[in-house]
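Undergrad: Got a file for you: protein.pdb, PDB, C-alpha atoms, pLDDT in the B column.
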```pdb
MODEL        1
ATOM      1  CA  ARG T 698       0.000   0.000   0.000  1.00 92.00           C
ATOM      2  CA  LEU T 699       0.938   3.668  -0.286  1.00 95.00           C
ATOM      3  CA  VAL T 700       0.925   6.077   2.626  1.00 95.00           C
ATOM      4  CA  GLU T 701       1.198   9.833   2.117  1.00 94.00           C
ATOM      5  CA  SER T 702       2.365  12.332   4.694  1.00 95.00           C
ATOM      6  CA  GLY T 703       3.537  15.924   4.885  1.00 97.00           C
ATOM      7  CA  GLY T 704       0.368  17.806   4.087  1.00 96.00           C
ATOM      8  CA  GLY T 705      -0.860  20.727   6.128  1.00 97.00           C
ATOM      9  CA  TRP T 706      -1.579  24.426   6.115  1.00 98.00           C
ATOM     10  CA  VAL T 707       0.824  26.998   4.708  1.00 98.00           C
ATOM     11  CA  GLN T 708       0.651  30.624   3.712  1.00 98.00           C
ATOM     12  CA  PRO T 709       0.985  31.653   0.069  1.00 98.00           C
ATOM     13  CA  GLY T 710       4.627  31.607  -0.962  1.00 98.00           C
ATOM     14  CA  GLY T 711       5.457  28.907   1.533  1.00 98.00           C
ATOM     15  CA  SER T 712       6.772  25.375   1.050  1.00 98.00           C
ATOM     16  CA  LEU T 713       5.767  21.842   1.933  1.00 98.00           C
ATOM     17  CA  ARG T 714       7.270  18.455   1.186  1.00 98.00           C
ATOM     18  CA  LEU T 715       4.958  15.509   0.670  1.00 98.00           C
ATOM     19  CA  SER T 716       6.145  11.931   1.112  1.00 98.00           C
ATOM     20  CA  CYS T 717       4.693   8.713  -0.215  1.00 97.00           C
ATOM     21  CA  LYS T 718       5.967   5.524   1.373  1.00 96.00           C
ATOM     22  CA  GLY T 719       5.449   2.164  -0.243  1.00 95.00           C
ATOM     23  CA  SER T 720       4.678  -0.591   2.222  1.00 91.00           C
ATOM     24  CA  GLY T 721       4.693  -4.289   1.472  1.00 90.00           C
ATOM     25  CA  PHE T 722       6.496  -4.059  -1.851  1.00 90.00           C
ATOM     26  CA  ILE T 723       9.685  -5.879  -2.602  1.00 87.00           C
ATOM     27  CA  SER T 724      12.331  -3.986  -4.540  1.00 87.00           C
ATOM     28  CA  SER T 725      11.800  -5.937  -7.733  1.00 86.00           C
ATOM     29  CA  VAL T 726       8.174  -4.769  -7.702  1.00 87.00           C
ATOM     30  CA  TRP T 727       8.703  -1.193  -6.472  1.00 90.00           C
ATOM     31  CA  ASN T 728      11.639  -0.176  -8.625  1.00 87.00           C
ATOM     32  CA  PRO T 729       9.882  -0.560 -11.989  1.00 91.00           C
ATOM     33  CA  PHE T 730       6.845   1.384 -10.786  1.00 94.00           C
ATOM     34  CA  HIS T 731       5.896   4.566 -12.582  1.00 96.00           C
ATOM     35  CA  LEU T 732       5.127   6.939  -9.707  1.00 97.00           C
ATOM     36  CA  GLY T 733       3.089  10.098  -9.600  1.00 98.00           C
ATOM     37  CA  TRP T 734       1.306  12.735  -7.577  1.00 98.00           C
ATOM     38  CA  TYR T 735      -2.249  13.796  -8.325  1.00 98.00           C
ATOM     39  CA  ARG T 736      -4.561  16.269  -6.666  1.00 98.00           C
ATOM     40  CA  GLN T 737      -8.266  16.819  -6.404  1.00 98.00           C
ATOM     41  CA  VAL T 738     -10.549  19.550  -5.143  1.00 97.00           C
ATOM     42  CA  PRO T 739     -14.243  18.997  -4.383  1.00 93.00           C
ATOM     43  CA  GLY T 740     -16.362  19.039  -7.491  1.00 95.00           C
ATOM     44  CA  LYS T 741     -13.458  18.642  -9.881  1.00 95.00           C
ATOM     45  CA  GLN T 742     -11.693  15.731 -11.476  1.00 96.00           C
ATOM     46  CA  ARG T 743      -8.440  14.424 -10.103  1.00 96.00           C
ATOM     47  CA  GLU T 744      -5.554  15.992 -12.020  1.00 97.00           C
ATOM     48  CA  LEU T 745      -1.970  15.002 -12.583  1.00 98.00           C
ATOM     49  CA  VAL T 746       0.627  17.058 -10.766  1.00 98.00           C
ATOM     50  CA  ALA T 747       3.899  15.283 -11.518  1.00 98.00           C
ATOM     51  CA  THR T 748       5.276  11.879 -12.432  1.00 98.00           C
ATOM     52  CA  VAL T 749       8.617  10.130 -12.228  1.00 98.00           C
ATOM     53  CA  SER T 750       9.405   7.033 -14.230  1.00 96.00           C
ATOM     54  CA  SER T 751      11.418   4.031 -13.148  1.00 94.00           C
ATOM     55  CA  SER T 752      14.427   5.562 -14.917  1.00 94.00           C
ATOM     56  CA  GLY T 753      13.974   8.925 -13.211  1.00 93.00           C
ATOM     57  CA  ASP T 754      12.380  10.863 -16.039  1.00 97.00           C
ATOM     58  CA  THR T 755      10.017  13.496 -14.696  1.00 98.00           C
ATOM     59  CA  ASN T 756       6.922  15.204 -16.014  1.00 98.00           C
ATOM     60  CA  TYR T 757       5.007  18.149 -14.555  1.00 98.00           C
ATOM     61  CA  ALA T 758       1.696  19.874 -15.030  1.00 98.00           C
ATOM     62  CA  ASP T 759       2.205  23.323 -16.515  1.00 98.00           C
ATOM     63  CA  SER T 760       0.680  24.886 -13.421  1.00 97.00           C
ATOM     64  CA  VAL T 761       3.456  23.582 -11.152  1.00 98.00           C
ATOM     65  CA  LYS T 762       6.515  23.683 -13.413  1.00 98.00           C
ATOM     66  CA  GLY T 763       9.379  25.530 -11.796  1.00 97.00           C
ATOM     67  CA  ARG T 764       7.763  25.348  -8.349  1.00 98.00           C
ATOM     68  CA  PHE T 765       7.377  21.620  -7.599  1.00 98.00           C
ATOM     69  CA  THR T 766       9.989  18.876  -7.747  1.00 98.00           C
ATOM     70  CA  ILE T 767       9.214  15.174  -7.748  1.00 98.00           C
ATOM     71  CA  SER T 768      11.815  12.607  -6.724  1.00 97.00           C
ATOM     72  CA  ARG T 769      12.103   8.993  -5.640  1.00 97.00           C
ATOM     73  CA  VAL T 770      14.461   6.989  -3.471  1.00 95.00           C
ATOM     74  CA  ASN T 771      14.036   3.377  -4.447  1.00 93.00           C
ATOM     75  CA  ALA T 772      16.208   2.041  -1.648  1.00 93.00           C
ATOM     76  CA  ASN T 773      13.650   3.386   0.833  1.00 93.00           C
ATOM     77  CA  LYS T 774      10.618   2.826  -1.389  1.00 95.00           C
ATOM     78  CA  ILE T 775       9.632   6.445  -1.037  1.00 97.00           C
ATOM     79  CA  MET T 776       8.623   9.278  -3.329  1.00 97.00           C
ATOM     80  CA  TYR T 777       8.675  12.978  -2.561  1.00 98.00           C
ATOM     81  CA  LEU T 778       7.007  16.111  -3.851  1.00 98.00           C
ATOM     82  CA  GLN T 779       8.808  19.295  -2.873  1.00 98.00           C
ATOM     83  CA  MET T 780       6.380  22.182  -3.262  1.00 98.00           C
ATOM     84  CA  ASN T 781       7.730  25.724  -3.234  1.00 98.00           C
ATOM     85  CA  SER T 782       6.119  29.106  -3.887  1.00 98.00           C
ATOM     86  CA  LEU T 783       2.752  27.638  -3.050  1.00 98.00           C
ATOM     87  CA  LYS T 784      -0.362  29.389  -4.267  1.00 98.00           C
ATOM     88  CA  VAL T 785      -3.927  29.394  -3.016  1.00 98.00           C
ATOM     89  CA  GLU T 786      -4.913  27.428  -6.099  1.00 97.00           C
ATOM     90  CA  ASP T 787      -2.599  24.587  -5.030  1.00 98.00           C
ATOM     91  CA  THR T 788      -5.061  23.794  -2.238  1.00 98.00           C
ATOM     92  CA  ALA T 789      -6.257  20.218  -2.758  1.00 98.00           C
ATOM     93  CA  LEU T 790      -6.177  16.664  -1.538  1.00 98.00           C
ATOM     94  CA  TYR T 791      -2.943  15.189  -2.872  1.00 98.00           C
ATOM     95  CA  TYR T 792      -2.692  11.504  -3.764  1.00 98.00           C
ATOM     96  CA  CYS T 793       0.270   9.381  -4.693  1.00 97.00           C
ATOM     97  CA  ASN T 794       0.014   6.730  -7.351  1.00 97.00           C
ATOM     98  CA  ALA T 795       2.108   3.775  -8.409  1.00 97.00           C
ATOM     99  CA  TYR T 796       1.513   1.572 -11.376  1.00 92.00           C
ATOM    100  CA  GLY T 797       3.351  -1.241 -13.029  1.00 91.00           C
ATOM    101  CA  SER T 798       2.694  -3.768 -15.735  1.00 87.00           C
ATOM    102  CA  ARG T 799      -0.059  -5.469 -13.774  1.00 87.00           C
ATOM    103  CA  ASP T 800      -1.253  -3.371 -10.851  1.00 91.00           C
ATOM    104  CA  GLU T 801      -2.047   0.169  -9.815  1.00 95.00           C
ATOM    105  CA  TYR T 802      -2.076   1.584  -6.301  1.00 96.00           C
ATOM    106  CA  TRP T 803      -3.347   4.795  -4.713  1.00 97.00           C
ATOM    107  CA  GLY T 804      -2.669   6.332  -1.358  1.00 96.00           C
ATOM    108  CA  GLN T 805      -5.381   7.666   0.907  1.00 95.00           C
ATOM    109  CA  GLY T 806      -4.525  11.320   0.255  1.00 96.00           C
ATOM    110  CA  THR T 807      -3.025  14.151   2.262  1.00 97.00           C
ATOM    111  CA  GLN T 808      -4.616  17.595   2.451  1.00 98.00           C
ATOM    112  CA  VAL T 809      -2.675  20.687   1.427  1.00 98.00           C
ATOM    113  CA  THR T 810      -4.239  24.033   2.285  1.00 98.00           C
ATOM    114  CA  VAL T 811      -2.692  27.298   1.136  1.00 98.00           C
ATOM    115  CA  SER T 812      -4.285  30.398   2.585  1.00 97.00           C
ATOM    116  CA  SER T 813      -3.486  33.588   4.395  1.00 93.00           C
TER     117      SER T 813
ENDMDL
END
```
Show me, as C-alpha cells, the structure contained in the file I just sent.

TA:
Amino acid sequence: RLVESGGGWVQPGGSLRLSCKGSGFISSVWNPFHLGWYRQVPGKQRELVATVSSSGDTNYADSVKGRFTISRVNANKIMYLQMNSLKVEDTALYYCNAYGSRDEYWGQGTQVTVSS
C-alpha cells in the first residue's frame, strides 16, 4: 500500500514536502513502478501534478513547473514532492500513485491548504 504524509496548512509563498511511502512491496516490484502525484478539489476531477518514471524521467503539469519537484528513493521505497512558492490554487487533496505492468495503487490522500 501507499501512505502519504507531509500535508498541512501553509501561507501563500510557503513550502511543503509531501512523502509517499510504499509498504509491502519488494524492490523488484517497487523499482519498476511509474510513480506520480495527483490532486483533487471537491467538485473537480483528479488531475496530474507530476510523475517520475522508473528511470527517473520526470513530467510536470504546466501549473506547477518551476515550483514543484518530484523525486524517488528506491532504496527506501519512497517518493517525494517538494512544493515551493505555493499558491492558493494549489489547495487540494494530494494523492500518490504507483503503477506497473499489472497493478495500480493509490494512497489515501493528504490535504494541502494554502491560505493567508

Undergrad: I'd like to see the residues matched by the PyMOL selection byres ((chain T and resi 707-710) around 9) on this file, and ideally I'd get them as a VMD selection string.

TA: chain T and resid 705 to 706 711 to 713 781 to 785 809 to 813

Undergrad: Once the PyMOL selection byres ((chain T and resi 733-739) around 9) has been applied to the shown file, what residues remain in the selection, as a list in words?

TA: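 Answer for the PyMOL selection byres ((chain T and resi 733-739) around 9): His731, Leu732, Gly740, Lys741, Gln742, Arg743, Glu744, Leu745, Val746, Ala747, Thr748, Val749, Ser750, Ile767, Met776, Tyr777, Leu778, Asp787, Thr788, Ala789, Leu790, Tyr791, Tyr792, Cys793, Asn794, Ala795, Tyr796 and Gly806 of chain T.
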
Undergrad: Considering only C-alpha atoms, state which residue in the set T:Gln779, T:Asn771, T:Ser702, T:Thr807 is at the smallest distance from Phe722 in chain T.

TA: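 Ranking T:Gln779, T:Asn771, T:Ser702, T:Thr807 by distance to Phe722 in chain T, first place goes to T:Asn771.
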
Undergrad: When distances are computed from all atoms listed in the file, which of T:Ser760, T:Gln805, T:Asn773, T:Ser798 shows the smallest separation from Ser724 in chain T?

TA: T:Asn773

Undergrad: Can you measure CA of Arg698 in chain T to CA of Gly753 in chain T for me? One decimal in Å is fine.

TA: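 So the answer is 21.2 Å.
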
Undergrad: Can you translate the PyMOL selection byres ((chain T and resi 719) around 6) into the concrete residues it hits in this file, as a list in words?

TA: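 This file, filtered by the PyMOL selection byres ((chain T and resi 719) around 6), leaves Arg698, Leu699, Lys718, Ser720 and Lys774 of chain T.
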
Undergrad: Could you tell me how far CA of Tyr802 in chain T sits from CA of Glu701 in chain T, in Å to one decimal place?

TA: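 Between these atoms lies a distance of 12.2 Å.
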
Undergrad: As an exercise, work out the distance from CA of Gly763 in chain T to CA of Ser751 in chain T in Å and give it to one decimal place.

TA: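 CA of Gly763 in chain T sits 21.6 Å away from CA of Ser751 in chain T.
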
Undergrad: Counting all atoms listed in the file, which of T:Trp727, T:Asp759, T:Gly703, T:Ser716 gets nearest to Ala772 in chain T?

TA: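 Smallest distance to Ala772 in chain T is found for T:Trp727.
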
Undergrad: Using only C-alpha atoms, which of the listed residues (T:Thr755, T:Val761, T:Asp800, T:Ile723) sits closest to Glu786 in chain T?

TA: T:Val761

Undergrad: Pick from T:Leu715, T:Val700, T:Phe730, T:Gly721: nearest to Gly797 in chain T, with only C-alpha atoms counted?

TA: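 Residue with the minimum atom-to-atom distance to Gly797 in chain T: T:Phe730.
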
Undergrad: Taking all atoms listed in the file into account, which of T:Glu801, T:Met780, T:Ser725, T:Gly704 comes nearest Arg764 in chain T?

TA: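 Under the stated criterion, the closest residue is T:Met780.
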
Undergrad: Kindly provide, as JSON, the centre and edge lengths (Å, one decimal) of an axis-aligned box around all atoms of range 709-721 of chain T given in the file, with 4 Å on each side.

TA:
```
{"center_x": 4.1, "center_y": 13.7, "center_z": 0.6, "size_x": 14.3, "size_y": 43.9, "size_z": 11.2}
```

Undergrad: Could I get range 766-777 of chain T rebuilt with all heavy atoms, written as a compact mmCIF listing (two decimals), in the coordinates of the input?

TA:
```txt
# COMPACT_ATOMS: atom_id res chain seq x y z
N THR T 766 8.99 19.84 -7.32
CA THR T 766 9.99 18.88 -7.75
C THR T 766 9.61 17.50 -7.22
O THR T 766 9.43 17.33 -6.00
CB THR T 766 11.38 19.25 -7.23
OG1 THR T 766 11.73 20.56 -7.69
CG2 THR T 766 12.42 18.25 -7.74
N ILE T 767 9.51 16.55 -8.12
CA ILE T 767 9.21 15.17 -7.75
C ILE T 767 10.51 14.37 -7.73
O ILE T 767 11.40 14.61 -8.56
CB ILE T 767 8.18 14.54 -8.71
CG1 ILE T 767 7.70 13.19 -8.19
CG2 ILE T 767 8.75 14.42 -10.13
CD1 ILE T 767 6.52 12.61 -8.99
N SER T 768 10.62 13.45 -6.79
CA SER T 768 11.82 12.61 -6.72
C SER T 768 11.45 11.28 -6.08
O SER T 768 10.38 11.15 -5.48
CB SER T 768 12.93 13.30 -5.93
OG SER T 768 12.52 13.57 -4.60
N ARG T 769 12.33 10.31 -6.24
CA ARG T 769 12.10 8.99 -5.64
C ARG T 769 13.41 8.45 -5.11
O ARG T 769 14.48 8.72 -5.69
CB ARG T 769 11.48 8.02 -6.65
CG ARG T 769 12.35 7.74 -7.86
CD ARG T 769 11.59 6.97 -8.93
NE ARG T 769 11.24 5.62 -8.53
CZ ARG T 769 10.42 4.82 -9.22
NH1 ARG T 769 9.85 5.27 -10.34
NH2 ARG T 769 10.14 3.61 -8.79
N VAL T 770 13.32 7.68 -4.04
CA VAL T 770 14.46 6.99 -3.47
C VAL T 770 14.07 5.52 -3.38
O VAL T 770 13.38 5.10 -2.45
CB VAL T 770 14.84 7.54 -2.09
CG1 VAL T 770 16.06 6.81 -1.54
CG2 VAL T 770 15.10 9.04 -2.16
N ASN T 771 14.48 4.77 -4.37
CA ASN T 771 14.04 3.38 -4.45
C ASN T 771 14.50 2.54 -3.26
O ASN T 771 13.78 1.66 -2.81
CB ASN T 771 14.53 2.75 -5.75
CG ASN T 771 13.71 3.22 -6.95
OD1 ASN T 771 12.61 3.74 -6.82
ND2 ASN T 771 14.29 3.03 -8.12
N ALA T 772 15.68 2.82 -2.77
CA ALA T 772 16.21 2.04 -1.65
C ALA T 772 15.27 2.10 -0.44
O ALA T 772 15.18 1.14 0.33
CB ALA T 772 17.59 2.53 -1.27
N ASN T 773 14.57 3.22 -0.29
CA ASN T 773 13.65 3.39 0.83
C ASN T 773 12.20 3.23 0.43
O ASN T 773 11.30 3.39 1.26
CB ASN T 773 13.84 4.77 1.47
CG ASN T 773 15.22 4.92 2.08
OD1 ASN T 773 15.85 3.95 2.49
ND2 ASN T 773 15.72 6.14 2.13
N LYS T 774 11.98 2.97 -0.87
CA LYS T 774 10.62 2.83 -1.39
C LYS T 774 9.79 4.05 -1.03
O LYS T 774 8.69 3.94 -0.45
CB LYS T 774 9.95 1.55 -0.88
CG LYS T 774 10.70 0.28 -1.29
CD LYS T 774 9.99 -0.96 -0.84
CE LYS T 774 10.78 -2.20 -1.21
NZ LYS T 774 12.11 -2.28 -0.57
N ILE T 775 10.29 5.20 -1.39
CA ILE T 775 9.63 6.44 -1.04
C ILE T 775 9.71 7.42 -2.20
O ILE T 775 10.66 7.40 -2.99
CB ILE T 775 10.24 7.04 0.24
CG1 ILE T 775 9.34 8.12 0.84
CG2 ILE T 775 11.64 7.58 -0.02
CD1 ILE T 775 9.69 8.45 2.28
N MET T 776 8.69 8.24 -2.32
CA MET T 776 8.62 9.28 -3.33
C MET T 776 8.31 10.59 -2.62
O MET T 776 7.58 10.60 -1.63
CB MET T 776 7.51 8.96 -4.35
CG MET T 776 7.22 10.08 -5.32
SD MET T 776 5.96 9.66 -6.54
CE MET T 776 4.53 9.34 -5.52
N TYR T 777 8.87 11.67 -3.16
CA TYR T 777 8.68 12.98 -2.56
C TYR T 777 8.06 13.95 -3.58
O TYR T 777 8.22 13.79 -4.79
CB TYR T 777 10.00 13.57 -2.08
CG TYR T 777 10.69 12.79 -1.01
CD1 TYR T 777 11.80 12.01 -1.30
CD2 TYR T 777 10.24 12.83 0.31
CE1 TYR T 777 12.45 11.28 -0.31
CE2 TYR T 777 10.89 12.12 1.31
CZ TYR T 777 11.99 11.35 0.99
OH TYR T 777 12.63 10.63 1.98
```
